[in-house]
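Note sheet for the following structure.
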Amino acid sequence: MPAATHTPTVYEGGFSDPVGSSQAVFRALMDAMARPGSVQDLPVVTAPPAPLTASASALLATLADADTPVWLDPTLMKTTEVKDWIVFHTGAEITPHQSEAAFALVASPGGLAALNGFSLGTQEFPDRSTTLILQVSSLTDGAALTLEGPGIKGQASLAPDPMPPHFEAQWQANRAAFPRGVDLVFAGPDCVAAMPRSTRLVREGA
Amino acid sequence: MNALTQDTSSQNLASYNFAYLDEQTKRMIRRAILKGIAIPGYQVPFASREMPMPYGWGTGGVQVTAAIIGRDDVLKVIDQGADDTTNAVSIRAFFAKTAGVVTTTATPDATIIQTRHRIPETPLTEGQVLVYQVPIPEPLRFLEPRETETRKMHALEEYGLMHVKLYEDIARNGHIATTYAYPVKVEGRYVMDPSPTPKFDNPKMHRSETLQLFGAGREKRIYAIPPHTEVVSLDFEDHPFEIQHFDQPCAMCGAEQVYLDEVVLDDKGGRMFVCSDTHYCESRRADGHCGALLGDEPGLGAEANTRKEAM
Ligand SMILES: [Zn+2]
C-alpha cells in the first residue's frame with residue numbers, strides 16, 4: 001500500500017461551516033452523554049472517505065486536534081485515505097498505542113475484544129482516559145441493553161449493532177473501575193448515543 | 001409578561017470568533033465538559049483562557065457558555081436571582097454581541113441559563129442547561145490548601161475530615177452554620193461544592209431535569225451534574241440537613257417556599273423580604289398575586305435596589 005499518497009478526496013469533505021457545524025455536533029453529543037441511551041439527531045456535515053462514516057467523522061472533527069492522539073481500529077488503518085483525511089481535517093496524530101489515545105475510532109466494533117487496553121485514566125485524574133467512538137449501523141436494531149445511572153430517569157434502553165464481543169462482561173469490568181474507565185460514543189446513521197462510564201447495565205431478568 | 005429582549009449595549013471587541021473563544025479553545029472546553037458529565041461531581045482541569053472581563057465576573061461560567069452556545073440558543077443570565085445587576089447585564093450583552101443570540105429574563109424561554117449564586121424558582125426542564133459561575137470549586141480547600149492533597153482525598157474518597165468539620169460546626173453553633181456552598185455528595189461518590197448558592201437551592205440540584213455545568217475560571221476547573229443524578233447534602237443522623245426557612249411570604253408577590261432577600265426600605269430601620277428571583281416575583285405579580293406591602297406602596301419593588309442577604 002503506498003504511504004501517504006494524498007488523493008483529492010483527502011482534502012475534501014470537511015466542515016463547510018466549522019463553527020456552526022462543530023457546535024451543532026457537540027450539542028448533540030453533549031445531550032447524548034448527559035442522557036445515556038437517548039438517541040440524538042446528528043446533522044450531516046462531513047463527507048469522509050469510506051469506511052469512515054459521516055457521523056463518526058463529524059464527531060471526531062468536533063473533538064480531536066493536535067492535543068489528542070487518535071487510535072484507529074484495523075479496519076480503518078487499512079485505508080490510507082481515512083488516516084490522511086483525519087490528519088488533514090483535525091491535525092490529530094494517529095497513534096498505534098491504545099493506551100495513548102484520547103480518542104479511538106472503531107469501524108468494526110465486533111473486533112473489539114478488549115476495552116481495558118485503552119487508557120482508563122488514573123484514580124487522581126480519571127479524565128485522562130480514552131473516549132471510544134464506535135461506528136454502528138443502528139442504535140435500535142441490535143440486542144437491547146437496559147441502562148441505569150446518572151442522566152437516566154429510571155431505566156433507558158439502547159440497542160446498538162454491531163457491538164464488541166462479550167460486551168456485558170467488558171462493561172461490568174469498565175464500570176467496576178469507576179471513576180476510571182472509558183466512555184463510549186455510538187455513531188449511528190445521522191444519529192449519536194453514548195454510554196459514559198457511570199452507566200450501569202441491568203442484567204435481563206435480574 | 002417579559003418579552004424576549006435583545007441586549008444592545010456595545011463592547012469594544014474589535015474582532016472575535018463566534019462567542020468570542022477560538023475553535024481550539026472551545027474543543028478543549030468541550031472535551032472537559034464531556035468528561036465532567038461522564039464522572040459526575042469530579043473536577044476536570046482545563047486550560048482557562050483570559051476573557052475580556054475580570055475574574056470574579058464569572059469567567060469560568062462564561063467560557064462554558066461560550067463552548068456550548070449556538071445561534072438558536074436563548075440566553076438568560078442571573079446574579080443572586082436578579083437579571084438586572086451589572087454583572088448579569090454585561091454577560092448577556094457579551095453574548096448578544098459576540099454570538100448574536102437572543103437573550104431573555106423569562107426563565108421558561110431560556111435554553112441556557114448562566115447563574116451566579118442562585119437556581120431559579122421556576123422548575124427547569126429537559127431542554128435547558130444551567131451553567132454556574134464558580135469562584136472556588138474545591139470543597140475541601142478550607143481543610144487542606146494543597147491541591148495535590150485534596151486531589152488525593154477525592155481519589156481515595158477520604159471525606160472524613162469534611163464530616164468532622166461540619167460536626168464541629170454543630171457543636172459550636174447548635175446547628176450547621178454553613179448556609180452557602182453547603183457541600184453535597186454526587187451519586188454516592190464525589191463530594192462537590194455547589195458554588196456559593198444558598199443551601200436552600202441544594203435540593204433543586206437533586207435529580208434535576210436539567211444538565212448542570214460548573215465553570216471556575218481562575219481555578220481552571222469544570223464539573224457537571226447530569227440530569228436525574230443523586231445529589232445529597234452532607235449531614236448527620238442526629239442533625240439532618242435542613243434548608244433555610246422564612247417566617248413570612250414575599251412582601252411583593254406573597255410567594256412562600258421561595259428564597260427571600262432582605263431589602264432595606266429607608267434609613268429608619270424599615271425593611272421587607274422579597275423574592276431573590278426577580279423574574280419569578282414579577283411573573284407572579286403579573287398573574288395577580290399580591291404581597292402584604294405591595295397594596296399600600298405600588299411600584300416599590302421595582303426601585304428597591306438595596307439588596308442584602310437574608311441570612
Ligand atoms: Zn415575590
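Residue numbering restarts at 1 for every chain of the C-alpha cells, chains are lettered A, B, ... in their displayed order, and ligands are numbered from 1 as they appear.
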
Could you please select, counting only C-alpha atoms, the residues of chain A within 8 Å of chain B and state them as a PyMOL selection string?
-> chain A and resi 19-20+23-24+26-27+30+33-35+62-65+123-124+127+149-153+179+183+196-198

If you run DSSP over the backbone, which residues in region 21-217 of chain B end up helix (DSSP H, G or I)? Put them as number ranges by chain.
-> B: 23-38, 59-68, 86-98, 107-109, 147-155, 160-173, 199-205

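The residues sitting within 8 Å of ligand 1, with only C-alpha atoms and all ligand atoms considered, come out as Pro249, Cys250, Ala251, Met252, Cys253, Gly254, Ala255, Leu260, Val274, Cys275, Ser276, Asp277, Thr278, Tyr280, Cys281, Glu282, Arg284, Arg285 and Gly291 of chain B.
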
Mind dumping the selected residues with N, CA, C and O atoms as a CSV table (one decimal), in the first residue's frame?
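Below is the file that was written, result21.csv:
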chain,number,residue,atom,x,y,z
B,249,PRO,N,-44.1,35.4,53.9
B,249,PRO,CA,-44.0,35.3,52.5
B,249,PRO,C,-43.4,36.6,51.9
B,249,PRO,O,-43.2,37.5,52.5
B,250,CYS,N,-43.2,36.5,50.6
B,250,CYS,CA,-42.6,37.7,49.8
B,250,CYS,C,-43.5,38.9,50.0
B,250,CYS,O,-44.7,38.7,49.7
B,251,ALA,N,-43.0,40.0,50.3
B,251,ALA,CA,-43.8,41.2,50.5
B,251,ALA,C,-44.4,41.7,49.2
B,251,ALA,O,-45.4,42.5,49.2
B,252,MET,N,-43.8,41.4,48.1
B,252,MET,CA,-44.3,41.9,46.8
B,252,MET,C,-45.3,41.0,46.2
B,252,MET,O,-46.3,41.5,45.7
B,253,CYS,N,-45.0,39.6,46.2
B,253,CYS,CA,-45.9,38.7,45.4
B,253,CYS,C,-46.6,37.7,46.3
B,253,CYS,O,-47.4,36.9,45.8
B,254,GLY,N,-46.2,37.7,47.6
B,254,GLY,CA,-46.9,36.7,48.5
B,254,GLY,C,-46.4,35.3,48.4
B,254,GLY,O,-46.9,34.4,49.0
B,255,ALA,N,-45.3,35.0,47.6
B,255,ALA,CA,-44.8,33.7,47.4
B,255,ALA,C,-44.3,33.1,48.7
B,255,ALA,O,-43.6,33.8,49.5
B,260,LEU,N,-35.8,34.3,49.9
B,260,LEU,CA,-36.1,35.8,50.1
B,260,LEU,C,-34.9,36.6,50.4
B,260,LEU,O,-34.0,36.1,51.1
B,274,VAL,N,-38.3,40.1,50.1
B,274,VAL,CA,-38.8,39.8,48.8
B,274,VAL,C,-38.1,38.7,48.1
B,274,VAL,O,-37.0,38.4,48.4
B,275,CYS,N,-38.7,38.1,47.1
B,275,CYS,CA,-38.1,37.1,46.3
B,275,CYS,C,-36.7,37.5,45.8
B,275,CYS,O,-36.6,38.6,45.3
B,276,SER,N,-35.8,36.6,45.9
B,276,SER,CA,-34.5,36.9,45.3
B,276,SER,C,-34.5,36.7,43.8
B,276,SER,O,-33.8,37.3,43.0
B,277,ASP,N,-35.4,35.8,43.4
B,277,ASP,CA,-35.6,35.5,41.9
B,277,ASP,C,-36.6,36.6,41.4
B,277,ASP,O,-37.8,36.5,41.5
B,278,THR,N,-36.0,37.6,40.7
B,278,THR,CA,-36.8,38.7,40.3
B,278,THR,C,-37.8,38.4,39.2
B,278,THR,O,-38.9,38.9,39.2
B,280,TYR,N,-39.3,35.5,38.8
B,280,TYR,CA,-40.3,34.7,39.4
B,280,TYR,C,-41.3,35.7,40.1
B,280,TYR,O,-42.5,35.5,39.9
B,281,CYS,N,-40.8,36.7,40.8
B,281,CYS,CA,-41.6,37.6,41.5
B,281,CYS,C,-42.4,38.5,40.6
B,281,CYS,O,-43.6,38.6,40.7
B,282,GLU,N,-41.8,38.9,39.5
B,282,GLU,CA,-42.5,39.8,38.5
B,282,GLU,C,-43.6,39.0,37.8
B,282,GLU,O,-44.7,39.5,37.6
B,284,ARG,N,-45.3,36.5,39.0
B,284,ARG,CA,-46.4,36.2,40.0
B,284,ARG,C,-47.3,37.5,40.1
B,284,ARG,O,-48.5,37.4,40.1
B,285,ARG,N,-46.6,38.6,40.1
B,285,ARG,CA,-47.4,39.9,40.3
B,285,ARG,C,-48.2,40.1,39.0
B,285,ARG,O,-49.3,40.6,39.0
B,291,GLY,N,-48.4,40.7,47.5
B,291,GLY,CA,-47.8,40.6,48.8
B,291,GLY,C,-48.4,41.6,49.8
B,291,GLY,O,-49.1,42.6,49.4

If you measure from CA of Tyr182 (chain B) to CA of Val258 (chain B), what distance in Å do you get, rounded to one decimal?
-> 17.8 Å

Selection: 12 Å around Tyr11 (chain A), only C-alpha atoms, excl. self and same-chain fewer than 4 positions, as number ranges by chain | A: 5-7, 15-16, 46-49, 81-90

Could you name the residues that touch region 53-63 of chain B at 6 Å or less, counting only C-alpha atoms, but leaving out those on the same chain fewer than 5 positions away, as a PyMOL selection string?
-> chain B and resi 132-133+215-217

Output N, CA and C atoms of each residue in that selection to a file, as a compact mmCIF listing (two decimals), in the first residue's frame.
# COMPACT_ATOMS: atom_id res chain seq x y z
N TYR B 132 -23.20 27.30 36.01
CA TYR B 132 -22.87 28.03 37.24
C TYR B 132 -21.51 28.70 37.12
N GLN B 133 -21.42 29.92 37.62
CA GLN B 133 -20.13 30.60 37.79
C GLN B 133 -19.60 30.22 39.17
N GLY B 215 -18.37 26.10 35.98
CA GLY B 215 -17.10 26.57 35.46
C GLY B 215 -16.41 27.49 36.44
N ALA B 216 -15.16 27.17 36.77
CA ALA B 216 -14.34 28.02 37.64
C ALA B 216 -13.15 28.51 36.82
N GLY B 217 -13.15 29.81 36.46
CA GLY B 217 -12.14 30.35 35.56
C GLY B 217 -10.77 30.49 36.19

Can you tell me which residues surround Ala176 (chain A) at a distance of at most 12 Å, considering only C-alpha atoms, apart from same-chain residues fewer than 3 positions away, and format the answer as a PDB file with N, CA, C and O atoms, in the first residue's frame?
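So the final result, stored in selection_12.pdb, reads:
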ATOM      1  N   ASN A 116     -10.109  -2.742  27.974  1.00  0.00           N
ATOM      2  CA  ASN A 116      -9.169  -2.326  29.018  1.00  0.00           C
ATOM      3  C   ASN A 116      -7.747  -2.099  28.525  1.00  0.00           C
ATOM      4  O   ASN A 116      -6.853  -1.821  29.312  1.00  0.00           O
ATOM      5  N   LEU A 120      -7.613   4.234  30.911  1.00  0.00           N
ATOM      6  CA  LEU A 120      -8.755   4.367  31.818  1.00  0.00           C
ATOM      7  C   LEU A 120      -8.601   5.601  32.705  1.00  0.00           C
ATOM      8  O   LEU A 120      -9.441   5.853  33.566  1.00  0.00           O
ATOM      9  N   ALA A 169     -19.802  -8.366  29.913  1.00  0.00           N
ATOM     10  CA  ALA A 169     -18.680  -8.601  30.831  1.00  0.00           C
ATOM     11  C   ALA A 169     -17.646  -7.476  30.727  1.00  0.00           C
ATOM     12  O   ALA A 169     -17.114  -7.000  31.746  1.00  0.00           O
ATOM     13  N   GLN A 170     -17.391  -7.037  29.497  1.00  0.00           N
ATOM     14  CA  GLN A 170     -16.419  -5.947  29.316  1.00  0.00           C
ATOM     15  C   GLN A 170     -16.902  -4.675  30.016  1.00  0.00           C
ATOM     16  O   GLN A 170     -16.114  -3.946  30.621  1.00  0.00           O
ATOM     17  N   TRP A 171     -18.208  -4.418  29.913  1.00  0.00           N
ATOM     18  CA  TRP A 171     -18.729  -3.185  30.510  1.00  0.00           C
ATOM     19  C   TRP A 171     -18.767  -3.270  32.033  1.00  0.00           C
ATOM     20  O   TRP A 171     -18.505  -2.280  32.726  1.00  0.00           O
ATOM     21  N   GLN A 172     -19.078  -4.468  32.555  1.00  0.00           N
ATOM     22  CA  GLN A 172     -19.052  -4.630  34.025  1.00  0.00           C
ATOM     23  C   GLN A 172     -17.660  -4.302  34.556  1.00  0.00           C
ATOM     24  O   GLN A 172     -17.505  -3.635  35.582  1.00  0.00           O
ATOM     25  N   ALA A 173     -16.640  -4.778  33.841  1.00  0.00           N
ATOM     26  CA  ALA A 173     -15.255  -4.533  34.276  1.00  0.00           C
ATOM     27  C   ALA A 173     -14.938  -3.042  34.197  1.00  0.00           C
ATOM     28  O   ALA A 173     -14.282  -2.476  35.083  1.00  0.00           O
ATOM     29  N   PRO A 179     -13.899   5.672  39.460  1.00  0.00           N
ATOM     30  CA  PRO A 179     -14.115   6.697  38.431  1.00  0.00           C
ATOM     31  C   PRO A 179     -13.235   6.548  37.185  1.00  0.00           C
ATOM     32  O   PRO A 179     -13.364   7.338  36.248  1.00  0.00           O
ATOM     33  N   ARG A 180     -12.320   5.545  37.200  1.00  0.00           N
ATOM     34  CA  ARG A 180     -11.553   5.313  35.982  1.00  0.00           C
ATOM     35  C   ARG A 180     -12.461   4.616  34.974  1.00  0.00           C
ATOM     36  O   ARG A 180     -13.501   4.068  35.346  1.00  0.00           O
ATOM     37  N   GLY A 181     -12.058   4.624  33.707  1.00  0.00           N
ATOM     38  CA  GLY A 181     -12.843   3.912  32.710  1.00  0.00           C
ATOM     39  C   GLY A 181     -12.901   4.639  31.386  1.00  0.00           C
ATOM     40  O   GLY A 181     -12.527   5.809  31.292  1.00  0.00           O
ATOM     41  N   VAL A 182     -13.356   3.932  30.363  1.00  0.00           N
ATOM     42  CA  VAL A 182     -13.563   4.554  29.061  1.00  0.00           C
ATOM     43  C   VAL A 182     -15.028   4.966  28.930  1.00  0.00           C
ATOM     44  O   VAL A 182     -15.892   4.440  29.631  1.00  0.00           O
ATOM     45  N   ARG A 197     -18.937   6.151  31.439  1.00  0.00           N
ATOM     46  CA  ARG A 197     -18.510   5.108  32.380  1.00  0.00           C
ATOM     47  C   ARG A 197     -19.426   4.978  33.585  1.00  0.00           C
ATOM     48  O   ARG A 197     -19.413   3.956  34.261  1.00  0.00           O
ATOM     49  N   SER A 198     -20.215   6.016  33.850  1.00  0.00           N
ATOM     50  CA  SER A 198     -21.114   5.986  35.014  1.00  0.00           C
ATOM     51  C   SER A 198     -22.338   5.105  34.782  1.00  0.00           C
ATOM     52  O   SER A 198     -23.069   4.796  35.718  1.00  0.00           O
ATOM     53  N   THR A 199     -22.582   4.703  33.530  1.00  0.00           N
ATOM     54  CA  THR A 199     -23.792   3.939  33.209  1.00  0.00           C
ATOM     55  C   THR A 199     -23.651   2.474  33.643  1.00  0.00           C
ATOM     56  O   THR A 199     -22.623   1.853  33.410  1.00  0.00           O
ATOM     57  N   ARG A 200     -24.711   1.962  34.278  1.00  0.00           N
ATOM     58  CA  ARG A 200     -24.741   0.554  34.695  1.00  0.00           C
ATOM     59  C   ARG A 200     -25.629  -0.237  33.749  1.00  0.00           C
ATOM     60  O   ARG A 200     -26.681   0.241  33.337  1.00  0.00           O
ATOM     61  N   LEU A 201     -25.187  -1.460  33.435  1.00  0.00           N
ATOM     62  CA  LEU A 201     -26.010  -2.360  32.630  1.00  0.00           C
ATOM     63  C   LEU A 201     -26.868  -3.191  33.564  1.00  0.00           C
ATOM     64  O   LEU A 201     -26.376  -3.739  34.553  1.00  0.00           O
TER      65      LEU A 201
END

Closest to Ser57 (chain A) among A:Ala159, A:Leu76, A:Leu139, A:Ala114, using only C-alpha atoms?
->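 When distances to Ser57 (chain A) are compared using only C-alpha atoms, the smallest one comes from A:Leu76.
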
Enumerate the residues of region 76-271 of chain B with a DSSP assignment of strand (DSSP E), computed from the backbone, and present them as JSON, numbers by chain.
-> {"B": [76, 77, 78, 79, 102, 103, 112, 113, 114, 115, 116, 129, 130, 131, 132, 133, 184, 185, 186, 190, 191, 192, 211, 212, 213, 214, 215, 216, 221, 222, 223, 224, 225, 231, 232, 233, 260, 261, 262, 263, 264, 271]}

In Å, rounded to a single decimal, give me how far CA of Gly14 (chain A) is from CA of Thr53 (chain A).
->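 Atom-to-atom, CA of Thr53 (chain A) to CA of Gly14 (chain A), that is 12.3 Å.
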
What lies within 9 Å of Ser137 (chain A) using only C-alpha atoms, ignoring chain neighbours under 5 positions off, as a VMD selection string?
-> chain A and resid 160 to 162 187 to 189

What is the distance, in Å and to one decimal place, between CA of Val45 (chain A) and CA of Ser21 (chain A)?
->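 These two atoms are separated by 6.5 Å.
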
Contacts of Pro165 (chain A) within 8 Å, only C-alpha atoms, excl. fewer than 6 positions in-chain, as a PyMOL selection string | chain A and resi 110-113
